[in-house]
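This is final.tsv (TSV, C-alpha atoms).
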chain	number	residue	atom	x	y	z
A	1	MET	CA	-35.38	-116.54	105.58
A	2	ALA	CA	-33.05	-115.37	102.81
A	3	LYS	CA	-30.16	-115.33	105.27
A	4	PHE	CA	-30.92	-118.88	106.40
A	5	THR	CA	-31.16	-120.09	102.78
A	6	LEU	CA	-27.76	-118.56	102.09
A	7	ILE	CA	-26.24	-120.34	105.12
A	8	VAL	CA	-27.69	-123.72	104.11
A	9	SER	CA	-26.51	-123.27	100.52
A	10	ALA	CA	-23.00	-122.46	101.72
A	11	LEU	CA	-22.94	-125.59	103.89
A	12	VAL	CA	-24.12	-127.79	101.01
A	13	VAL	CA	-21.51	-126.42	98.61
A	14	ALA	CA	-18.78	-126.79	101.23
A	15	SER	CA	-19.81	-130.39	101.88
A	16	ALA	CA	-19.87	-131.19	98.17
A	17	SER	CA	-16.45	-129.65	97.66
A	18	ALA	CA	-15.11	-132.03	100.28
A	19	PHE	CA	-15.47	-134.85	97.76
A	20	ALA	CA	-13.55	-133.11	95.01
A	21	PRO	CA	-10.54	-135.29	94.22
A	22	ALA	CA	-7.47	-134.49	96.25
A	23	SER	CA	-5.43	-134.60	93.08
A	24	VAL	CA	-6.39	-135.34	89.50
A	25	THR	CA	-2.98	-134.52	88.11
A	26	LYS	CA	-1.48	-137.77	86.91
A	27	THR	CA	2.11	-138.43	87.86
A	28	SER	CA	4.33	-141.28	86.84
A	29	THR	CA	5.73	-143.86	89.21
A	30	VAL	CA	9.18	-142.39	88.70
A	31	LEU	CA	7.99	-138.95	89.73
A	32	ARG	CA	6.29	-140.42	92.78
A	33	GLN	CA	9.46	-142.19	93.83
A	34	SER	CA	11.48	-138.99	93.46
A	35	ALA	CA	8.92	-137.16	95.59
A	36	SER	CA	9.50	-139.65	98.40
A	37	ASP	CA	12.65	-137.74	99.30
A	38	ASP	CA	10.47	-134.79	100.34
A	39	PHE	CA	8.57	-134.67	103.61
A	40	ALA	CA	5.57	-137.06	103.43
A	41	MET	CA	6.38	-137.87	99.79
A	42	GLY	CA	5.76	-134.27	98.84
A	43	MET	CA	2.07	-134.34	99.84
A	44	VAL	CA	0.50	-131.12	101.07
A	45	GLY	CA	0.07	-130.52	104.79
A	46	GLY	CA	3.63	-129.97	106.01
A	47	GLU	CA	3.92	-126.36	104.91
A	48	GLY	CA	2.86	-124.74	108.18
A	49	PRO	CA	3.72	-122.24	109.52
A	50	GLU	CA	1.09	-122.13	112.27
A	51	PRO	CA	2.78	-121.60	115.66
A	52	MET	CA	2.83	-124.71	117.84
A	53	PRO	CA	4.49	-125.03	121.25
A	54	PHE	CA	6.74	-127.91	122.30
A	55	VAL	CA	7.77	-128.92	118.77
A	56	GLY	CA	11.45	-128.11	118.83
A	57	VAL	CA	13.42	-125.09	117.77
A	58	THR	CA	11.09	-123.82	115.04
A	59	GLY	CA	7.96	-123.84	117.18
A	60	THR	CA	5.76	-124.17	114.11
A	61	SER	CA	3.76	-126.87	112.34
A	62	VAL	CA	6.22	-127.14	109.44
A	63	ASN	CA	6.76	-130.86	108.74
A	64	PHE	CA	4.89	-131.67	111.96
A	65	ASP	CA	5.23	-135.39	112.64
A	66	PRO	CA	5.82	-135.98	116.36
A	67	VAL	CA	5.15	-139.73	116.17
A	68	GLY	CA	7.46	-140.21	113.19
A	69	PHE	CA	5.04	-141.84	110.73
A	70	THR	CA	6.89	-140.37	107.74
A	71	THR	CA	10.13	-142.11	108.69
A	72	ARG	CA	8.86	-145.25	110.42
A	73	ALA	CA	6.34	-146.34	107.78
A	74	PRO	CA	6.86	-144.36	104.55
A	75	GLU	CA	5.25	-147.09	102.46
A	76	TRP	CA	2.00	-146.55	104.37
A	77	LEU	CA	1.88	-142.78	103.88
A	78	PRO	CA	-0.61	-142.90	100.97
A	79	TRP	CA	-2.93	-145.05	103.11
A	80	PHE	CA	-2.53	-142.69	106.08
A	81	ARG	CA	-3.38	-139.68	103.92
A	82	GLU	CA	-6.37	-141.39	102.32
A	83	ALA	CA	-7.70	-142.37	105.75
A	84	GLU	CA	-7.23	-138.80	106.97
A	85	LEU	CA	-9.05	-137.37	103.95
A	86	LYS	CA	-11.93	-139.82	104.30
A	87	HIS	CA	-12.39	-139.04	107.97
A	88	GLY	CA	-12.07	-135.33	107.31
A	89	ARG	CA	-14.70	-135.41	104.57
A	90	ALA	CA	-17.07	-137.41	106.75
A	91	ALA	CA	-16.49	-134.98	109.62
A	92	MET	CA	-17.23	-131.96	107.41
A	93	LEU	CA	-20.53	-133.54	106.40
A	94	GLY	CA	-21.16	-134.49	110.02
A	95	ALA	CA	-20.57	-130.93	111.22
A	96	ALA	CA	-23.08	-129.65	108.68
A	97	GLY	CA	-25.43	-132.46	109.74
A	98	MET	CA	-25.30	-131.29	113.34
A	99	VAL	CA	-26.23	-127.71	112.43
A	100	VAL	CA	-28.63	-127.81	109.46
A	101	PRO	CA	-31.30	-130.01	111.18
A	102	GLU	CA	-31.52	-127.37	113.91
A	103	PHE	CA	-33.28	-125.17	111.34
A	104	VAL	CA	-34.87	-127.47	108.77
A	105	ARG	CA	-35.92	-131.13	108.66
A	106	ILE	CA	-36.75	-133.55	105.86
A	107	PRO	CA	-40.42	-134.56	105.52
A	108	GLY	CA	-41.71	-137.27	107.85
A	109	GLU	CA	-43.22	-137.28	111.33
A	110	GLN	CA	-40.32	-139.30	112.72
A	111	PHE	CA	-37.92	-136.52	111.68
A	112	SER	CA	-40.01	-133.60	112.97
A	113	PHE	CA	-38.96	-131.15	115.67
A	114	ASP	CA	-41.66	-132.59	117.94
A	115	SER	CA	-40.34	-136.15	117.60
A	116	ILE	CA	-36.66	-135.19	117.85
A	117	PRO	CA	-36.20	-131.85	119.62
A	118	ASN	CA	-32.41	-132.21	119.81
A	119	VAL	CA	-30.42	-133.42	116.82
A	120	ILE	CA	-28.22	-135.70	118.91
A	121	ASP	CA	-31.31	-137.67	120.01
A	122	ALA	CA	-31.69	-138.96	116.44
A	123	HIS	CA	-29.01	-141.57	117.15
A	124	ASP	CA	-31.25	-143.40	119.64
A	125	LYS	CA	-34.68	-142.52	118.24
A	126	LEU	CA	-34.00	-143.48	114.61
A	127	PRO	CA	-32.30	-146.90	114.70
A	128	GLU	CA	-33.46	-147.77	111.16
A	129	SER	CA	-31.86	-144.60	109.82
A	130	MET	CA	-28.64	-145.36	111.69
A	131	ILE	CA	-28.58	-148.84	110.13
A	132	GLN	CA	-29.00	-147.33	106.66
A	133	ILE	CA	-26.17	-144.89	107.28
A	134	PHE	CA	-23.93	-147.72	108.47
A	135	MET	CA	-24.81	-149.85	105.43
A	136	TRP	CA	-24.13	-147.04	102.94
A	137	ILE	CA	-20.81	-146.21	104.59
A	138	SER	CA	-19.86	-149.91	104.51
A	139	PHE	CA	-20.81	-150.10	100.82
A	140	LEU	CA	-18.72	-147.06	99.91
A	141	GLU	CA	-15.76	-148.45	101.84
A	142	ALA	CA	-16.12	-151.85	100.16
A	143	VAL	CA	-16.18	-150.46	96.62
A	144	SER	CA	-13.09	-148.36	97.38
A	145	PHE	CA	-11.01	-151.37	98.49
A	146	PRO	CA	-9.64	-152.11	94.98
A	147	ALA	CA	-8.60	-148.48	94.54
A	148	LEU	CA	-6.89	-148.53	97.91
A	149	ALA	CA	-5.09	-151.78	97.14
A	150	ASN	CA	-3.82	-150.40	93.80
A	151	MET	CA	-2.80	-146.96	95.04
A	152	ASN	CA	0.91	-147.76	95.23
A	153	SER	CA	0.96	-149.55	91.87
A	154	PHE	CA	-0.83	-146.94	89.75
A	155	ASP	CA	-1.04	-143.17	89.47
A	156	ARG	CA	-4.03	-142.61	91.72
A	157	GLN	CA	-3.31	-140.07	94.44
A	158	PRO	CA	-4.67	-140.49	98.00
A	159	GLY	CA	-8.26	-139.28	98.15
A	160	ASP	CA	-8.64	-139.07	94.37
A	161	PHE	CA	-11.79	-140.96	93.36
A	162	GLY	CA	-12.45	-138.84	90.28
A	163	PHE	CA	-15.66	-137.52	91.83
A	164	ASP	CA	-16.17	-133.82	91.10
A	165	PRO	CA	-19.78	-133.35	89.90
A	166	LEU	CA	-19.69	-129.58	90.42
A	167	GLY	CA	-16.45	-129.15	88.50
A	168	ILE	CA	-14.89	-126.99	91.20
A	169	TYR	CA	-11.46	-128.59	91.15
A	170	PRO	CA	-9.04	-126.21	89.40
A	171	GLU	CA	-6.78	-127.19	86.52
A	172	ASP	CA	-3.83	-125.04	87.55
A	173	PRO	CA	-1.34	-127.17	89.57
A	174	GLU	CA	-0.69	-124.43	92.13
A	175	LYS	CA	-4.40	-123.86	92.71
A	176	GLN	CA	-4.86	-127.62	92.98
A	177	LYS	CA	-2.34	-127.72	95.84
A	178	GLU	CA	-4.07	-124.77	97.46
A	179	MET	CA	-7.44	-126.54	97.34
A	180	GLN	CA	-5.90	-129.78	98.61
A	181	LEU	CA	-4.44	-127.91	101.59
A	182	LYS	CA	-7.75	-126.19	102.29
A	183	GLU	CA	-9.58	-129.51	102.24
A	184	LEU	CA	-7.00	-131.13	104.50
A	185	LYS	CA	-7.04	-128.33	107.08
A	186	ASN	CA	-10.82	-127.98	107.06
A	187	GLY	CA	-11.14	-131.75	107.45
A	188	ARG	CA	-8.79	-131.76	110.43
A	189	LEU	CA	-10.72	-128.90	112.01
A	190	ALA	CA	-14.03	-130.66	111.34
A	191	MET	CA	-12.85	-133.87	113.04
A	192	ILE	CA	-12.13	-131.89	116.20
A	193	ALA	CA	-15.31	-129.82	115.81
A	194	VAL	CA	-17.62	-132.83	115.53
A	195	GLY	CA	-16.20	-134.24	118.75
A	196	GLY	CA	-16.84	-130.91	120.44
A	197	MET	CA	-20.36	-130.68	119.01
A	198	VAL	CA	-21.35	-134.14	120.19
A	199	ALA	CA	-19.83	-133.57	123.62
A	200	GLY	CA	-21.48	-130.16	123.93
A	201	ALA	CA	-24.89	-131.45	122.84
A	202	ALA	CA	-24.70	-134.43	125.21
A	203	ILE	CA	-23.49	-132.46	128.23
A	204	THR	CA	-25.63	-129.35	127.93
A	205	GLY	CA	-28.76	-130.85	126.36
A	206	LYS	CA	-29.05	-127.60	124.44
A	207	HIS	CA	-29.37	-126.74	120.78
A	208	PHE	CA	-26.54	-125.40	118.63
A	209	PRO	CA	-24.25	-123.69	119.70
A	210	TYR	CA	-24.76	-125.76	122.91
A	211	LEU	CA	-24.33	-122.93	125.39
A	212	LEU	CA	-25.24	-123.45	129.04
Rewritten as structure tokens:
Amino acid sequence: MAKFTLIVSALVVASASAFAPASVTKTSTVLRQSASDDFAMGMVGGEGPEPMPFVGVTGTSVNFDPVGFTTRAPEWLPWFREAELKHGRAAMLGAAGMVVPEFVRIPGEQFSFDSIPNVIDAHDKLPESMIQIFMWISFLEAVSFPALANMNSFDRQPGDFGFDPLGIYPEDPEKQKEMQLKELKNGRLAMIAVGGMVAGAAITGKHFPYLL
């Protein structure tokens, strides 16, 4: 039981850390313009050097941009990064949401293991809950529209909503970049993982880890 409690606590903290601002360090418009000369306006994520085949001479993920977004639409880069961070944060919560209910459920007969043996079945068996989730997501998106519209005119960085209730975001600039990179990479991994979890649960009909 103690081991399970530790696992759940780790998942909750990891999910909460996903909403720590991507950058709370304020930079001037002049500094932002000068950063545009760097890859992806100097935002984290292009450092690599994970090995990747078929990407040219280097064969790594350094400045990986096969579609050319950074050169074709540089003015949209903050929007691209914010969209990536939002999806990554949602995917990290979703990955935890696919695993935690396998071990513990919230009170209510409709949420019990007898009513919903497999977590993926909740989508069809709890339409009211799905509607609530959709409404809350729509609300959060709606209230973030002004911030998104003003991102290029003010000093707000992509993904920075000033929400850090646990105070885990470091003050040191180097550690800030390190945390930003961790969030970005974990979010990318989670987006792939959630797709694999849903596919595995649907195909096998088994519980986590969805082995045949």
*Using all atoms listed in the file, which residues sit within 10 Å of A:Leu181 once same-chain residues fewer than 4 positions away are excluded, as a ChimeraX atom specification?*
/A:22,43-47,175-177,185-187
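In this structure, atom CA of A:Pro127 sits 17.3 Å away from atom CA of A:Arg105.
Each of A:Val194, A:Phe161, A:Ala142, A:Ile137 was compared to A:Ala96 using all atoms listed in the file, and A:Val194 turns out to be the nearest.
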_Counting only C-alpha atoms, the option among A:Met179, A:Met135, A:Glu102, A:Tyr169 closest to A:Tyr210_ = A:Glu102
Within 9 Å of stretch 110-122 of chain A, counting only C-alpha atoms, which residues qualify if same-chain residues fewer than 2 places away don't, as a compact mmCIF listing (two decimals) with C-alpha atoms, in the frame of the given file?
# COMPACT_ATOMS: atom_id res chain seq x y z
CA GLY A 97 -25.43 -132.46 109.74
CA MET A 98 -25.30 -131.29 113.34
CA VAL A 99 -26.23 -127.71 112.43
CA PRO A 101 -31.30 -130.01 111.18
CA GLU A 102 -31.52 -127.37 113.91
CA VAL A 104 -34.87 -127.47 108.77
CA ARG A 105 -35.92 -131.13 108.66
CA ILE A 106 -36.75 -133.55 105.86
CA PRO A 107 -40.42 -134.56 105.52
CA GLY A 108 -41.71 -137.27 107.85
CA ASP A 124 -31.25 -143.40 119.64
CA LYS A 125 -34.68 -142.52 118.24
CA LEU A 126 -34.00 -143.48 114.61
CA PRO A 127 -32.30 -146.90 114.70
CA SER A 129 -31.86 -144.60 109.82
CA MET A 130 -28.64 -145.36 111.69
CA VAL A 198 -21.35 -134.14 120.19
CA ALA A 201 -24.89 -131.45 122.84
CA ALA A 202 -24.70 -134.43 125.21
CA GLY A 205 -28.76 -130.85 126.36
CA LYS A 206 -29.05 -127.60 124.44
CA HIS A 207 -29.37 -126.74 120.78
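Relative to atom CA of A:Glu109, atom CA of A:Ile203 is found at 26.4 Å.
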Some atoms are absent from stretch 123-134 of chain A, so rebuild all heavy atoms and return them as a PDB file, in the frame of the given file.
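Writing done, so here's rebuild13.pdb:
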ATOM      1  N   HIS A 123     -29.795-140.329 117.098  1.00  0.00           N
ATOM      2  CA  HIS A 123     -29.010-141.570 117.150  1.00  0.00           C
ATOM      3  C   HIS A 123     -29.800-142.689 117.817  1.00  0.00           C
ATOM      4  O   HIS A 123     -29.774-143.849 117.359  1.00  0.00           O
ATOM      5  CB  HIS A 123     -27.707-141.326 117.900  1.00  0.00           C
ATOM      6  CG  HIS A 123     -26.826-142.529 117.975  1.00  0.00           C
ATOM      7  ND1 HIS A 123     -26.971-143.491 118.954  1.00  0.00           N
ATOM      8  CD2 HIS A 123     -25.801-142.947 117.186  1.00  0.00           C
ATOM      9  CE1 HIS A 123     -26.072-144.444 118.774  1.00  0.00           C
ATOM     10  NE2 HIS A 123     -25.338-144.142 117.713  1.00  0.00           N
ATOM     11  N   ASP A 124     -30.513-142.378 118.907  1.00  0.00           N
ATOM     12  CA  ASP A 124     -31.250-143.400 119.640  1.00  0.00           C
ATOM     13  C   ASP A 124     -32.685-143.557 119.153  1.00  0.00           C
ATOM     14  O   ASP A 124     -33.253-144.652 119.244  1.00  0.00           O
ATOM     15  CB  ASP A 124     -31.257-143.072 121.135  1.00  0.00           C
ATOM     16  CG  ASP A 124     -29.855-143.099 121.737  1.00  0.00           C
ATOM     17  OD1 ASP A 124     -29.012-143.887 121.249  1.00  0.00           O
ATOM     18  OD2 ASP A 124     -29.601-142.333 122.679  1.00  0.00           O
ATOM     19  N   LYS A 125     -33.268-142.483 118.625  1.00  0.00           N
ATOM     20  CA  LYS A 125     -34.680-142.520 118.240  1.00  0.00           C
ATOM     21  C   LYS A 125     -34.905-142.986 116.806  1.00  0.00           C
ATOM     22  O   LYS A 125     -36.035-143.285 116.430  1.00  0.00           O
ATOM     23  CB  LYS A 125     -35.308-141.141 118.425  1.00  0.00           C
ATOM     24  CG  LYS A 125     -35.413-140.719 119.895  1.00  0.00           C
ATOM     25  CD  LYS A 125     -36.169-139.416 120.041  1.00  0.00           C
ATOM     26  CE  LYS A 125     -36.328-139.044 121.500  1.00  0.00           C
ATOM     27  NZ  LYS A 125     -37.105-137.790 121.678  1.00  0.00           N
ATOM     28  N   LEU A 126     -33.858-143.058 116.011  1.00  0.00           N
ATOM     29  CA  LEU A 126     -34.000-143.480 114.610  1.00  0.00           C
ATOM     30  C   LEU A 126     -33.034-144.626 114.310  1.00  0.00           C
ATOM     31  O   LEU A 126     -32.103-144.483 113.510  1.00  0.00           O
ATOM     32  CB  LEU A 126     -33.730-142.302 113.663  1.00  0.00           C
ATOM     33  CG  LEU A 126     -34.665-141.105 113.777  1.00  0.00           C
ATOM     34  CD1 LEU A 126     -34.152-139.955 112.925  1.00  0.00           C
ATOM     35  CD2 LEU A 126     -36.082-141.490 113.365  1.00  0.00           C
ATOM     36  N   PRO A 127     -33.239-145.787 114.927  1.00  0.00           N
ATOM     37  CA  PRO A 127     -32.300-146.900 114.700  1.00  0.00           C
ATOM     38  C   PRO A 127     -32.272-147.369 113.255  1.00  0.00           C
ATOM     39  O   PRO A 127     -31.217-147.758 112.752  1.00  0.00           O
ATOM     40  CB  PRO A 127     -32.833-147.999 115.631  1.00  0.00           C
ATOM     41  CG  PRO A 127     -34.267-147.647 115.878  1.00  0.00           C
ATOM     42  CD  PRO A 127     -34.327-146.151 115.845  1.00  0.00           C
ATOM     43  N   GLU A 128     -33.438-147.334 112.556  1.00  0.00           N
ATOM     44  CA  GLU A 128     -33.460-147.770 111.160  1.00  0.00           C
ATOM     45  C   GLU A 128     -32.599-146.853 110.294  1.00  0.00           C
ATOM     46  O   GLU A 128     -31.882-147.313 109.396  1.00  0.00           O
ATOM     47  CB  GLU A 128     -34.895-147.791 110.618  1.00  0.00           C
ATOM     48  CG  GLU A 128     -35.796-148.818 111.291  1.00  0.00           C
ATOM     49  CD  GLU A 128     -36.410-148.281 112.566  1.00  0.00           C
ATOM     50  OE1 GLU A 128     -36.143-147.107 112.918  1.00  0.00           O
ATOM     51  OE2 GLU A 128     -37.153-149.043 113.226  1.00  0.00           O
ATOM     52  N   SER A 129     -32.676-145.556 110.573  1.00  0.00           N
ATOM     53  CA  SER A 129     -31.860-144.600 109.820  1.00  0.00           C
ATOM     54  C   SER A 129     -30.375-144.817 110.096  1.00  0.00           C
ATOM     55  O   SER A 129     -29.542-144.733 109.182  1.00  0.00           O
ATOM     56  CB  SER A 129     -32.255-143.171 110.171  1.00  0.00           C
ATOM     57  OG  SER A 129     -33.607-142.919 109.836  1.00  0.00           O
ATOM     58  N   MET A 130     -30.036-145.113 111.347  1.00  0.00           N
ATOM     59  CA  MET A 130     -28.640-145.360 111.690  1.00  0.00           C
ATOM     60  C   MET A 130     -28.113-146.600 110.965  1.00  0.00           C
ATOM     61  O   MET A 130     -26.965-146.630 110.511  1.00  0.00           O
ATOM     62  CB  MET A 130     -28.492-145.536 113.202  1.00  0.00           C
ATOM     63  CG  MET A 130     -28.818-144.295 114.024  1.00  0.00           C
ATOM     64  SD  MET A 130     -27.773-142.879 113.650  1.00  0.00           S
ATOM     65  CE  MET A 130     -28.964-141.832 112.780  1.00  0.00           C
ATOM     66  N   ILE A 131     -28.977-147.625 110.846  1.00  0.00           N
ATOM     67  CA  ILE A 131     -28.580-148.840 110.130  1.00  0.00           C
ATOM     68  C   ILE A 131     -28.328-148.533 108.661  1.00  0.00           C
ATOM     69  O   ILE A 131     -27.357-149.010 108.062  1.00  0.00           O
ATOM     70  CB  ILE A 131     -29.660-149.929 110.283  1.00  0.00           C
ATOM     71  CG1 ILE A 131     -29.722-150.401 111.744  1.00  0.00           C
ATOM     72  CG2 ILE A 131     -29.385-151.102 109.353  1.00  0.00           C
ATOM     73  CD1 ILE A 131     -30.854-151.367 112.027  1.00  0.00           C
ATOM     74  N   GLN A 132     -29.194-147.706 108.065  1.00  0.00           N
ATOM     75  CA  GLN A 132     -29.000-147.330 106.660  1.00  0.00           C
ATOM     76  C   GLN A 132     -27.701-146.566 106.465  1.00  0.00           C
ATOM     77  O   GLN A 132     -26.961-146.812 105.499  1.00  0.00           O
ATOM     78  CB  GLN A 132     -30.177-146.480 106.186  1.00  0.00           C
ATOM     79  CG  GLN A 132     -31.464-147.255 105.982  1.00  0.00           C
ATOM     80  CD  GLN A 132     -32.513-146.420 105.268  1.00  0.00           C
ATOM     81  OE1 GLN A 132     -32.210-145.751 104.288  1.00  0.00           O
ATOM     82  NE2 GLN A 132     -33.730-146.454 105.772  1.00  0.00           N
ATOM     83  N   ILE A 133     -27.423-145.649 107.379  1.00  0.00           N
ATOM     84  CA  ILE A 133     -26.170-144.890 107.280  1.00  0.00           C
ATOM     85  C   ILE A 133     -24.979-145.832 107.368  1.00  0.00           C
ATOM     86  O   ILE A 133     -24.026-145.738 106.577  1.00  0.00           O
ATOM     87  CB  ILE A 133     -26.115-143.827 108.390  1.00  0.00           C
ATOM     88  CG1 ILE A 133     -27.168-142.742 108.148  1.00  0.00           C
ATOM     89  CG2 ILE A 133     -24.721-143.203 108.466  1.00  0.00           C
ATOM     90  CD1 ILE A 133     -27.280-141.739 109.275  1.00  0.00           C
ATOM     91  N   PHE A 134     -25.022-146.761 108.307  1.00  0.00           N
ATOM     92  CA  PHE A 134     -23.930-147.720 108.470  1.00  0.00           C
ATOM     93  C   PHE A 134     -23.763-148.579 107.210  1.00  0.00           C
ATOM     94  O   PHE A 134     -22.632-148.829 106.758  1.00  0.00           O
ATOM     95  CB  PHE A 134     -24.188-148.606 109.684  1.00  0.00           C
ATOM     96  CG  PHE A 134     -23.145-149.668 109.892  1.00  0.00           C
ATOM     97  CD1 PHE A 134     -21.924-149.349 110.451  1.00  0.00           C
ATOM     98  CD2 PHE A 134     -23.382-150.983 109.515  1.00  0.00           C
ATOM     99  CE1 PHE A 134     -20.954-150.323 110.645  1.00  0.00           C
ATOM    100  CE2 PHE A 134     -22.424-151.960 109.692  1.00  0.00           C
ATOM    101  CZ  PHE A 134     -21.208-151.630 110.261  1.00  0.00           C
TER     102      PHE A 134
END
